[in-house]
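Encoded as structure tokens, the structure appears first; notes follow it.
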Amino acid sequence: MVVLSDQLTIEACVTTLAEALAAARNGADQIELCTAIHLDGLTPSKELVTACLNKVDLPIKVLIRPREGNFVYTSIELSLIKSHIERTLQA
């Protein structure tokens, strides 16, 4: 038997502060923040993360993805991912 929760969480995938603010105004429960959505999403800038954290009163999940394509990363790309995470945590 599968029991579904009565509570749905609405997550808005956004790429700008304006989109994040609009999502908050329109009932989103949380934000997924990224850039380059046409590439299936890449890591946003520290400035965008900081702006959204300062202006949007919702939980924000930051997408960490250094490039488009598959999810098989080289050791150099894994180092880049680590630096993206560290930069994001400083926002």
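Residues are referred to by chain and number: the chain letter is A, B, ... according to the order shown in the structure tokens, the number counts from 1 in that chain, and ligands are numbered separately from 1 in the order shown.
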Which of chain A DSSP labels helix (DSSP H, G or I), written as a VMD selection string: chain A and resid 17 to 25 37 to 39 46 to 55 75 to 89
Selection: 7 Å around range 63-74 of chain A, only C-alpha atoms, excl. self and same-chain fewer than 4 positions, as a list in words: Glu32, Leu33, Cys34, Leu39, Asp40, Leu42, Thr43, Leu78, Leu80, Ile81, His84 and Ile85 of chain A
Residues just named, written with N, CA, C and O atoms as a tab-separated table (two decimals), in the first residue's frame:
```
chain	number	residue	atom	x	y	z
A	32	GLU	N	14.42	26.34	-6.06
A	32	GLU	CA	15.65	25.75	-6.58
A	32	GLU	C	16.28	26.83	-7.45
A	32	GLU	O	15.66	27.28	-8.42
A	33	LEU	N	17.48	27.24	-7.11
A	33	LEU	CA	18.14	28.36	-7.80
A	33	LEU	C	19.24	27.84	-8.70
A	33	LEU	O	20.10	27.06	-8.27
A	34	CYS	N	19.23	28.27	-9.94
A	34	CYS	CA	20.25	27.88	-10.90
A	34	CYS	C	20.38	28.97	-11.96
A	34	CYS	O	19.70	29.99	-11.91
A	39	LEU	N	20.32	24.85	-20.48
A	39	LEU	CA	21.34	23.79	-20.43
A	39	LEU	C	21.01	22.80	-19.31
A	39	LEU	O	21.87	22.07	-18.85
A	40	ASP	N	19.76	22.81	-18.84
A	40	ASP	CA	19.28	21.99	-17.74
A	40	ASP	C	19.82	22.43	-16.39
A	40	ASP	O	19.79	21.68	-15.42
A	42	LEU	N	22.76	25.29	-14.33
A	42	LEU	CA	24.15	25.34	-13.90
A	42	LEU	C	24.23	26.10	-12.59
A	42	LEU	O	23.27	26.76	-12.18
A	43	THR	N	25.37	26.02	-11.92
A	43	THR	CA	25.56	26.71	-10.65
A	43	THR	C	25.39	28.21	-10.82
A	43	THR	O	26.02	28.81	-11.69
A	78	LEU	N	35.32	17.70	-10.43
A	78	LEU	CA	34.94	17.49	-9.03
A	78	LEU	C	35.55	18.55	-8.14
A	78	LEU	O	34.91	19.02	-7.19
A	80	LEU	N	36.14	21.59	-9.13
A	80	LEU	CA	35.33	22.77	-9.44
A	80	LEU	C	34.00	22.71	-8.67
A	80	LEU	O	33.55	23.72	-8.13
A	81	ILE	N	33.39	21.54	-8.61
A	81	ILE	CA	32.14	21.38	-7.85
A	81	ILE	C	32.39	21.72	-6.39
A	81	ILE	O	31.59	22.44	-5.77
A	84	HIS	N	32.52	25.39	-6.02
A	84	HIS	CA	31.18	25.97	-6.14
A	84	HIS	C	30.41	25.81	-4.83
A	84	HIS	O	29.71	26.74	-4.39
A	85	ILE	N	30.55	24.66	-4.20
A	85	ILE	CA	29.87	24.43	-2.92
A	85	ILE	C	30.43	25.38	-1.86
A	85	ILE	O	29.67	26.03	-1.13
```
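Compared by their closest atoms to Val62 in chain A, and using only C-alpha atoms, the residues A:Ala23, A:Val14, A:Leu8, A:Ala36 rank with A:Val14 nearest.
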CA of Leu48 in chain A to CA of Ala91 in chain A, distance in Å rounded to a single decimal: 9.0 Å
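Of the residues listed (A:Ile76, A:Ala18, A:Cys13, A:Cys52), A:Cys13 shows the shortest atom-to-atom separation from Ile31 in chain A; distances use only C-alpha atoms.
The neighbours of Asn54 in chain A here are the residues that come within 12 Å of it, using only C-alpha atoms and leaving out any residue fewer than 4 positions away in the same chain; they are Leu17, Ala20, Leu21, Glu47, Leu48, Val49, Thr50, Leu58, Pro59, Ile60 and Ala91 of chain A.
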With N, CA, C and O atoms retained, write the just-selected residues as an mmCIF file, in the first residue's frame.
```cif
data_model
loop_
_atom_site.group_PDB
_atom_site.id
_atom_site.type_symbol
_atom_site.label_atom_id
_atom_site.label_comp_id
_atom_site.auth_asym_id
_atom_site.auth_seq_id
_atom_site.Cartn_x
_atom_site.Cartn_y
_atom_site.Cartn_z
ATOM 1 N N LEU A 17 16.595 36.777 -9.459
ATOM 2 C CA LEU A 17 15.958 37.276 -8.247
ATOM 3 C C LEU A 17 14.491 37.597 -8.518
ATOM 4 O O LEU A 17 13.625 37.278 -7.705
ATOM 5 N N ALA A 20 12.517 34.485 -8.430
ATOM 6 C CA ALA A 20 12.411 33.978 -7.055
ATOM 7 C C ALA A 20 11.356 34.752 -6.272
ATOM 8 O O ALA A 20 10.545 34.165 -5.552
ATOM 9 N N LEU A 21 11.352 36.068 -6.416
ATOM 10 C CA LEU A 21 10.359 36.902 -5.735
ATOM 11 C C LEU A 21 8.950 36.592 -6.242
ATOM 12 O O LEU A 21 8.010 36.508 -5.448
ATOM 13 N N GLU A 47 26.724 36.107 -6.206
ATOM 14 C CA GLU A 47 25.929 37.329 -6.092
ATOM 15 C C GLU A 47 24.431 37.022 -6.184
ATOM 16 O O GLU A 47 23.634 37.587 -5.430
ATOM 17 N N LEU A 48 24.054 36.136 -7.106
ATOM 18 C CA LEU A 48 22.638 35.775 -7.232
ATOM 19 C C LEU A 48 22.167 35.022 -5.993
ATOM 20 O O LEU A 48 21.081 35.286 -5.474
ATOM 21 N N VAL A 49 22.982 34.106 -5.513
ATOM 22 C CA VAL A 49 22.622 33.364 -4.297
ATOM 23 C C VAL A 49 22.431 34.330 -3.135
ATOM 24 O O VAL A 49 21.425 34.280 -2.416
ATOM 25 N N THR A 50 23.376 35.248 -2.952
ATOM 26 C CA THR A 50 23.302 36.213 -1.857
ATOM 27 C C THR A 50 22.056 37.078 -1.976
ATOM 28 O O THR A 50 21.344 37.298 -0.988
ATOM 29 N N LEU A 58 12.044 32.157 1.718
ATOM 30 C CA LEU A 58 11.710 30.750 1.488
ATOM 31 C C LEU A 58 12.992 29.937 1.572
ATOM 32 O O LEU A 58 14.085 30.472 1.338
ATOM 33 N N PRO A 59 12.886 28.637 1.837
ATOM 34 C CA PRO A 59 14.078 27.794 1.719
ATOM 35 C C PRO A 59 14.586 27.810 0.281
ATOM 36 O O PRO A 59 13.795 27.771 -0.668
ATOM 37 N N ILE A 60 15.896 27.885 0.132
ATOM 38 C CA ILE A 60 16.502 27.937 -1.203
ATOM 39 C C ILE A 60 17.496 26.797 -1.339
ATOM 40 O O ILE A 60 18.410 26.660 -0.534
ATOM 41 N N ALA A 91 27.892 32.536 0.726
ATOM 42 C CA ALA A 91 26.888 33.536 0.324
ATOM 43 C C ALA A 91 26.006 33.920 1.484
ATOM 44 O O ALA A 91 25.849 33.230 2.436
#
```
